[in-house]
Amino acid sequence: MHPYSVDSPERRNLPFYVAGAAIAATFGAREVLQYLGIDAGVRAYVPSSFVIYGFLYIMFDRFIWKLNVLRRLGLVRIPDMAGLWEGELRSSHSGLQKPHGVQLRVHQTWSTLLLTLESDRSISRSNMASLATITPNELELLWEYRAESKEPIDFNFNHRGVTRLRFNIHGTKLDPRAEGDYYTQHGRDSNGTITLSRER
């Protein structure tokens, strides 16, 4: 998995909120132990704010950011795209006429992402990605990939390229369909369209 860029200010703001929660948790735990009459030596073993921050950040990065309540509050805008997407790709090699079945597997945390696009003939993985707001209800995911043939003798197929997908958002929910296009590196000079539906 690799980091991905976003144009939302939450990447700048939320670490401060997590740090504040860590400081409050440390202070609160010590105050509760003191109120209960717990010996000061025991209270000294309360984890530091730094340790609690690390734990909270990991939990937020992997799980908490997906909570819908954070989206309703406007604290998180990064959509949860993780899961399996299935659809079809049409290449300029066939005049955009012949559909090729594809599967896109999205592995995502709040800060990292990995996109794996697979067809009968090839598999590609993202090297870098960015997520940008086009309109308040539309997002664009752009990623660079390296594609490899599943056939070991087809070395001429291996190439790099860029894929762009657009998603609609209804309220706080991501639409289960996405459409976009792709193009490949100079020398291969192909392009095409891609349509996907979220399966799970």
# chains A, B, ... in the order shown; residues from 1 in each chain; ligands from 1
>>> residues_around(residues="Phe60 in chain A", least_positions_apart="6", cutoff="10 Å", atoms="only C-alpha atoms", output="list in words")
Leu14, Pro15, Val18, Gly54, Lys66, Leu67, Thr109, Trp110 and Ser111 of chain A
>>> write_last_selection(atoms="C-alpha atoms", output="PDB file, in the first residue's frame")
ATOM      1  CA  LEU A  14      -7.583  15.454  12.193  1.00  0.00           C
ATOM      2  CA  PRO A  15      -4.136  14.602  13.646  1.00  0.00           C
ATOM      3  CA  VAL A  18      -6.453  12.800  17.713  1.00  0.00           C
ATOM      4  CA  GLY A  54      -0.078   6.296  18.404  1.00  0.00           C
ATOM      5  CA  LYS A  66     -15.133   4.746   8.211  1.00  0.00           C
ATOM      6  CA  LEU A  67     -17.834   5.663  10.761  1.00  0.00           C
ATOM      7  CA  THR A 109      -7.058   3.023   4.959  1.00  0.00           C
ATOM      8  CA  TRP A 110      -7.473   6.727   5.726  1.00  0.00           C
ATOM      9  CA  SER A 111      -3.860   7.384   4.698  1.00  0.00           C
TER      10      SER A 111
END
>>> residues_around(residues="Ala44 in chain A", least_positions_apart="5", cutoff="12 Å", atoms="only C-alpha atoms", output="MDAnalysis selection string")
chainID A and resid 26:27 29:31 33:34 38:39
>>> residues_around(residues="Asp7 in chain A", least_positions_apart="3", cutoff="12 Å", atoms="only C-alpha atoms", output="JSON list (two decimals) with C-alpha atoms, in the first residue's frame")
[["chain", "number", "residue", "atom", "x", "y", "z"],
["A", 4, "TYR", "CA", -2.43, 8.95, -1.66],
["A", 10, "GLU", "CA", -8.90, 16.74, 7.09],
["A", 11, "ARG", "CA", -5.37, 15.38, 6.60],
["A", 12, "ARG", "CA", -4.14, 18.61, 8.20],
["A", 76, "VAL", "CA", -14.15, 13.07, 7.27],
["A", 77, "ARG", "CA", -14.76, 13.53, 3.55],
["A", 78, "ILE", "CA", -12.47, 10.86, 2.13],
["A", 130, "SER", "CA", -4.73, 11.17, -5.80],
["A", 131, "LEU", "CA", -8.33, 11.95, -4.91],
["A", 132, "ALA", "CA", -9.82, 15.31, -5.88],
["A", 133, "THR", "CA", -13.21, 16.98, -5.52],
["A", 134, "ILE", "CA", -14.67, 17.92, -8.90],
["A", 139, "LEU", "CA", -14.94, 12.92, -6.90],
["A", 140, "GLU", "CA", -12.11, 11.91, -9.21],
["A", 141, "LEU", "CA", -9.63, 9.16, -8.40]]
>>> atom_distance(atom1="CA of Gln103 in chain A", atom2="CA of Ala147 in chain A")
13.7 Å
>>> residues_around(residues="Thr163 in chain A", least_positions_apart="6", cutoff="9 Å", atoms="only C-alpha atoms", output="PyMOL selection string")
chain A and resi 141-145+180-184+194
>>> write_last_selection(atoms="N, CA and C atoms", output="PDB file, in the first residue's frame")
ATOM      1  N   LEU A 141     -10.767   9.941  -8.860  1.00  0.00           N
ATOM      2  CA  LEU A 141      -9.631   9.164  -8.397  1.00  0.00           C
ATOM      3  C   LEU A 141      -8.703   8.938  -9.583  1.00  0.00           C
ATOM      4  N   LEU A 142      -7.456   9.361  -9.424  1.00  0.00           N
ATOM      5  CA  LEU A 142      -6.466   9.250 -10.488  1.00  0.00           C
ATOM      6  C   LEU A 142      -5.290   8.437  -9.967  1.00  0.00           C
ATOM      7  N   TRP A 143      -4.865   7.410 -10.729  1.00  0.00           N
ATOM      8  CA  TRP A 143      -3.705   6.656 -10.275  1.00  0.00           C
ATOM      9  C   TRP A 143      -2.814   6.218 -11.428  1.00  0.00           C
ATOM     10  N   GLU A 144      -1.536   6.134 -11.120  1.00  0.00           N
ATOM     11  CA  GLU A 144      -0.564   5.590 -12.065  1.00  0.00           C
ATOM     12  C   GLU A 144      -0.386   4.110 -11.749  1.00  0.00           C
ATOM     13  N   TYR A 145      -0.268   3.305 -12.785  1.00  0.00           N
ATOM     14  CA  TYR A 145      -0.161   1.861 -12.571  1.00  0.00           C
ATOM     15  C   TYR A 145       0.959   1.265 -13.418  1.00  0.00           C
ATOM     16  N   GLY A 180     -14.818   5.923 -16.039  1.00  0.00           N
ATOM     17  CA  GLY A 180     -13.611   6.685 -16.299  1.00  0.00           C
ATOM     18  C   GLY A 180     -12.907   6.241 -17.554  1.00  0.00           C
ATOM     19  N   ASP A 181     -11.618   6.550 -17.607  1.00  0.00           N
ATOM     20  CA  ASP A 181     -10.821   6.214 -18.771  1.00  0.00           C
ATOM     21  C   ASP A 181      -9.380   5.960 -18.355  1.00  0.00           C
ATOM     22  N   TYR A 182      -8.593   5.526 -19.300  1.00  0.00           N
ATOM     23  CA  TYR A 182      -7.179   5.273 -19.042  1.00  0.00           C
ATOM     24  C   TYR A 182      -6.378   5.550 -20.306  1.00  0.00           C
ATOM     25  N   TYR A 183      -5.086   5.729 -20.126  1.00  0.00           N
ATOM     26  CA  TYR A 183      -4.180   5.805 -21.270  1.00  0.00           C
ATOM     27  C   TYR A 183      -2.841   5.216 -20.844  1.00  0.00           C
ATOM     28  N   THR A 184      -2.087   4.752 -21.816  1.00  0.00           N
ATOM     29  CA  THR A 184      -0.830   4.076 -21.536  1.00  0.00           C
ATOM     30  C   THR A 184       0.356   4.932 -21.965  1.00  0.00           C
ATOM     31  N   ILE A 194     -13.487   2.662 -18.928  1.00  0.00           N
ATOM     32  CA  ILE A 194     -13.695   1.652 -17.901  1.00  0.00           C
ATOM     33  C   ILE A 194     -14.963   1.991 -17.128  1.00  0.00           C
TER      34      ILE A 194
END
>>> select_by_dssp(residues="range 66-199 of chain A", states="alpha helix (DSSP H)", output="list in words")
Asn68, Val69, Leu70, Arg71 and Arg72 of chain A
>>> write_last_selection(atoms="N, CA and C atoms", output="short mmCIF file (atom, residue, chain, number, x, y, z; two decimals), in the first residue's frame")
data_model
loop_
_atom_site.label_atom_id
_atom_site.label_comp_id
_atom_site.auth_asym_id
_atom_site.auth_seq_id
_atom_site.Cartn_x
_atom_site.Cartn_y
_atom_site.Cartn_z
N ASN A 68 -19.87 6.50 9.77
CA ASN A 68 -20.70 7.45 9.04
C ASN A 68 -20.95 8.73 9.85
N VAL A 69 -20.94 8.62 11.17
CA VAL A 69 -21.20 9.80 12.00
C VAL A 69 -20.13 10.86 11.77
N LEU A 70 -18.89 10.46 11.50
CA LEU A 70 -17.82 11.44 11.24
C LEU A 70 -18.04 12.17 9.93
N ARG A 71 -18.67 11.49 8.97
CA ARG A 71 -18.98 12.13 7.69
C ARG A 71 -20.14 13.12 7.86
N ARG A 72 -21.12 12.72 8.67
CA ARG A 72 -22.25 13.63 8.91
C ARG A 72 -21.80 14.89 9.64
#
>>> closest_residue(among="A:Lys98, A:Ala40, A:Phe16, A:Ala82", to="Tyr57 in chain A", atoms="only C-alpha atoms")
A:Phe16
>>> closest_residue(among="A:Gly41, A:Ile64, A:Leu114, A:Leu75", to="Asn13 in chain A", atoms="only C-alpha atoms")
A:Leu75
>>> closest_residue(among="A:Leu104, A:Leu113, A:Met59, A:Leu174", to="Asn127 in chain A", atoms="only C-alpha atoms")
A:Leu113
>>> closest_residue(among="A:Arg146, A:Arg177, A:Thr112, A:Glu118", to="His2 in chain A", atoms="only C-alpha atoms")
A:Thr112
>>> closest_residue(among="A:Asp80, A:Glu138, A:Glu86, A:Glu199", to="His100 in chain A", atoms="only C-alpha atoms")
A:Glu86
>>> select_by_dssp(residues="range 41-198 of chain A", states="strand (DSSP E)", output="PyMOL selection string")
chain A and resi 83-91+99-108+112-118+122-135+138-149+159-170+173-184+191-198
>>> write_last_selection(atoms="C-alpha atoms", output="PDB file, in the first residue's frame")
ATOM      1  CA  GLY A  83     -13.801  -3.634  -1.668  1.00  0.00           C
ATOM      2  CA  LEU A  84     -14.354  -5.410  -4.958  1.00  0.00           C
ATOM      3  CA  TRP A  85     -15.519  -3.544  -8.057  1.00  0.00           C
ATOM      4  CA  GLU A  86     -16.412  -5.396 -11.248  1.00  0.00           C
ATOM      5  CA  GLY A  87     -17.083  -4.151 -14.732  1.00  0.00           C
ATOM      6  CA  GLU A  88     -15.668  -3.807 -18.208  1.00  0.00           C
ATOM      7  CA  LEU A  89     -12.858  -2.110 -20.042  1.00  0.00           C
ATOM      8  CA  ARG A  90     -12.875  -1.117 -23.714  1.00  0.00           C
ATOM      9  CA  SER A  91      -9.602  -0.457 -25.515  1.00  0.00           C
ATOM     10  CA  PRO A  99     -15.649  -5.301 -23.770  1.00  0.00           C
ATOM     11  CA  HIS A 100     -13.109  -6.973 -21.506  1.00  0.00           C
ATOM     12  CA  GLY A 101     -14.252  -8.066 -18.044  1.00  0.00           C
ATOM     13  CA  VAL A 102     -12.184  -6.583 -15.210  1.00  0.00           C
ATOM     14  CA  GLN A 103     -12.078  -6.630 -11.418  1.00  0.00           C
ATOM     15  CA  LEU A 104     -10.757  -3.756  -9.326  1.00  0.00           C
ATOM     16  CA  ARG A 105      -9.744  -4.588  -5.758  1.00  0.00           C
ATOM     17  CA  VAL A 106      -9.368  -1.533  -3.545  1.00  0.00           C
ATOM     18  CA  HIS A 107      -7.418  -1.843  -0.293  1.00  0.00           C
ATOM     19  CA  GLN A 108      -7.749   1.398   1.637  1.00  0.00           C
ATOM     20  CA  THR A 112      -2.899   4.574   2.295  1.00  0.00           C
ATOM     21  CA  LEU A 113      -4.314   2.899  -0.791  1.00  0.00           C
ATOM     22  CA  LEU A 114      -3.630   0.042  -3.198  1.00  0.00           C
ATOM     23  CA  LEU A 115      -5.585  -0.515  -6.407  1.00  0.00           C
ATOM     24  CA  THR A 116      -5.286  -3.832  -8.256  1.00  0.00           C
ATOM     25  CA  LEU A 117      -7.011  -4.139 -11.630  1.00  0.00           C
ATOM     26  CA  GLU A 118      -7.188  -7.637 -13.078  1.00  0.00           C
ATOM     27  CA  SER A 122      -3.232  -8.987 -17.250  1.00  0.00           C
ATOM     28  CA  ILE A 123      -2.911  -7.521 -13.785  1.00  0.00           C
ATOM     29  CA  SER A 124      -1.924  -3.995 -12.777  1.00  0.00           C
ATOM     30  CA  ARG A 125      -1.163  -2.326  -9.445  1.00  0.00           C
ATOM     31  CA  SER A 126      -1.131   1.326  -8.500  1.00  0.00           C
ATOM     32  CA  ASN A 127       2.145   3.123  -7.734  1.00  0.00           C
ATOM     33  CA  MET A 128       0.633   6.453  -6.693  1.00  0.00           C
ATOM     34  CA  ALA A 129      -2.823   7.979  -6.495  1.00  0.00           C
ATOM     35  CA  SER A 130      -4.731  11.175  -5.798  1.00  0.00           C
ATOM     36  CA  LEU A 131      -8.329  11.952  -4.910  1.00  0.00           C
ATOM     37  CA  ALA A 132      -9.821  15.310  -5.878  1.00  0.00           C
ATOM     38  CA  THR A 133     -13.208  16.981  -5.522  1.00  0.00           C
ATOM     39  CA  ILE A 134     -14.672  17.923  -8.899  1.00  0.00           C
ATOM     40  CA  THR A 135     -18.019  19.189  -7.580  1.00  0.00           C
ATOM     41  CA  GLU A 138     -18.432  14.257  -7.585  1.00  0.00           C
ATOM     42  CA  LEU A 139     -14.945  12.920  -6.900  1.00  0.00           C
ATOM     43  CA  GLU A 140     -12.114  11.910  -9.211  1.00  0.00           C
ATOM     44  CA  LEU A 141      -9.631   9.164  -8.397  1.00  0.00           C
ATOM     45  CA  LEU A 142      -6.466   9.250 -10.488  1.00  0.00           C
ATOM     46  CA  TRP A 143      -3.705   6.656 -10.275  1.00  0.00           C
ATOM     47  CA  GLU A 144      -0.564   5.590 -12.065  1.00  0.00           C
ATOM     48  CA  TYR A 145      -0.161   1.861 -12.571  1.00  0.00           C
ATOM     49  CA  ARG A 146       2.218  -0.769 -13.862  1.00  0.00           C
ATOM     50  CA  ALA A 147       0.537  -3.556 -15.857  1.00  0.00           C
ATOM     51  CA  GLU A 148       1.985  -6.999 -16.426  1.00  0.00           C
ATOM     52  CA  SER A 149       0.847  -9.832 -18.635  1.00  0.00           C
ATOM     53  CA  HIS A 159       3.672  -1.119 -19.550  1.00  0.00           C
ATOM     54  CA  ARG A 160       2.793   1.850 -17.372  1.00  0.00           C
ATOM     55  CA  GLY A 161      -0.271   4.036 -17.598  1.00  0.00           C
ATOM     56  CA  VAL A 162      -2.771   6.259 -15.820  1.00  0.00           C
ATOM     57  CA  THR A 163      -6.392   5.531 -14.941  1.00  0.00           C
ATOM     58  CA  ARG A 164      -9.044   8.067 -13.956  1.00  0.00           C
ATOM     59  CA  LEU A 165     -12.361   7.169 -12.312  1.00  0.00           C
ATOM     60  CA  ARG A 166     -15.211   9.444 -11.327  1.00  0.00           C
ATOM     61  CA  PHE A 167     -17.549   8.714  -8.420  1.00  0.00           C
ATOM     62  CA  ASN A 168     -20.784  10.388  -7.387  1.00  0.00           C
ATOM     63  CA  ILE A 169     -21.637  10.986  -3.744  1.00  0.00           C
ATOM     64  CA  HIS A 170     -25.214  11.147  -2.469  1.00  0.00           C
ATOM     65  CA  LYS A 173     -22.711   7.675   0.630  1.00  0.00           C
ATOM     66  CA  LEU A 174     -20.551   6.757  -2.338  1.00  0.00           C
ATOM     67  CA  ASP A 175     -22.476   5.717  -5.438  1.00  0.00           C
ATOM     68  CA  PRO A 176     -21.840   2.027  -6.233  1.00  0.00           C
ATOM     69  CA  ARG A 177     -20.942   2.837  -9.856  1.00  0.00           C
ATOM     70  CA  ALA A 178     -17.882   4.528 -11.318  1.00  0.00           C
ATOM     71  CA  GLU A 179     -16.848   5.466 -14.844  1.00  0.00           C
ATOM     72  CA  GLY A 180     -13.611   6.685 -16.299  1.00  0.00           C
ATOM     73  CA  ASP A 181     -10.821   6.214 -18.771  1.00  0.00           C
ATOM     74  CA  TYR A 182      -7.179   5.273 -19.042  1.00  0.00           C
ATOM     75  CA  TYR A 183      -4.180   5.805 -21.270  1.00  0.00           C
ATOM     76  CA  THR A 184      -0.830   4.076 -21.536  1.00  0.00           C
ATOM     77  CA  ASN A 191      -6.407   4.348 -24.314  1.00  0.00           C
ATOM     78  CA  GLY A 192      -9.885   3.290 -23.386  1.00  0.00           C
ATOM     79  CA  THR A 193     -12.864   3.483 -21.102  1.00  0.00           C
ATOM     80  CA  ILE A 194     -13.695   1.652 -17.901  1.00  0.00           C
ATOM     81  CA  THR A 195     -17.033   1.132 -16.124  1.00  0.00           C
ATOM     82  CA  LEU A 196     -17.288  -0.469 -12.689  1.00  0.00           C
ATOM     83  CA  SER A 197     -19.940  -1.472 -10.153  1.00  0.00           C
ATOM     84  CA  ARG A 198     -19.243  -2.170  -6.502  1.00  0.00           C
TER      85      ARG A 198
END
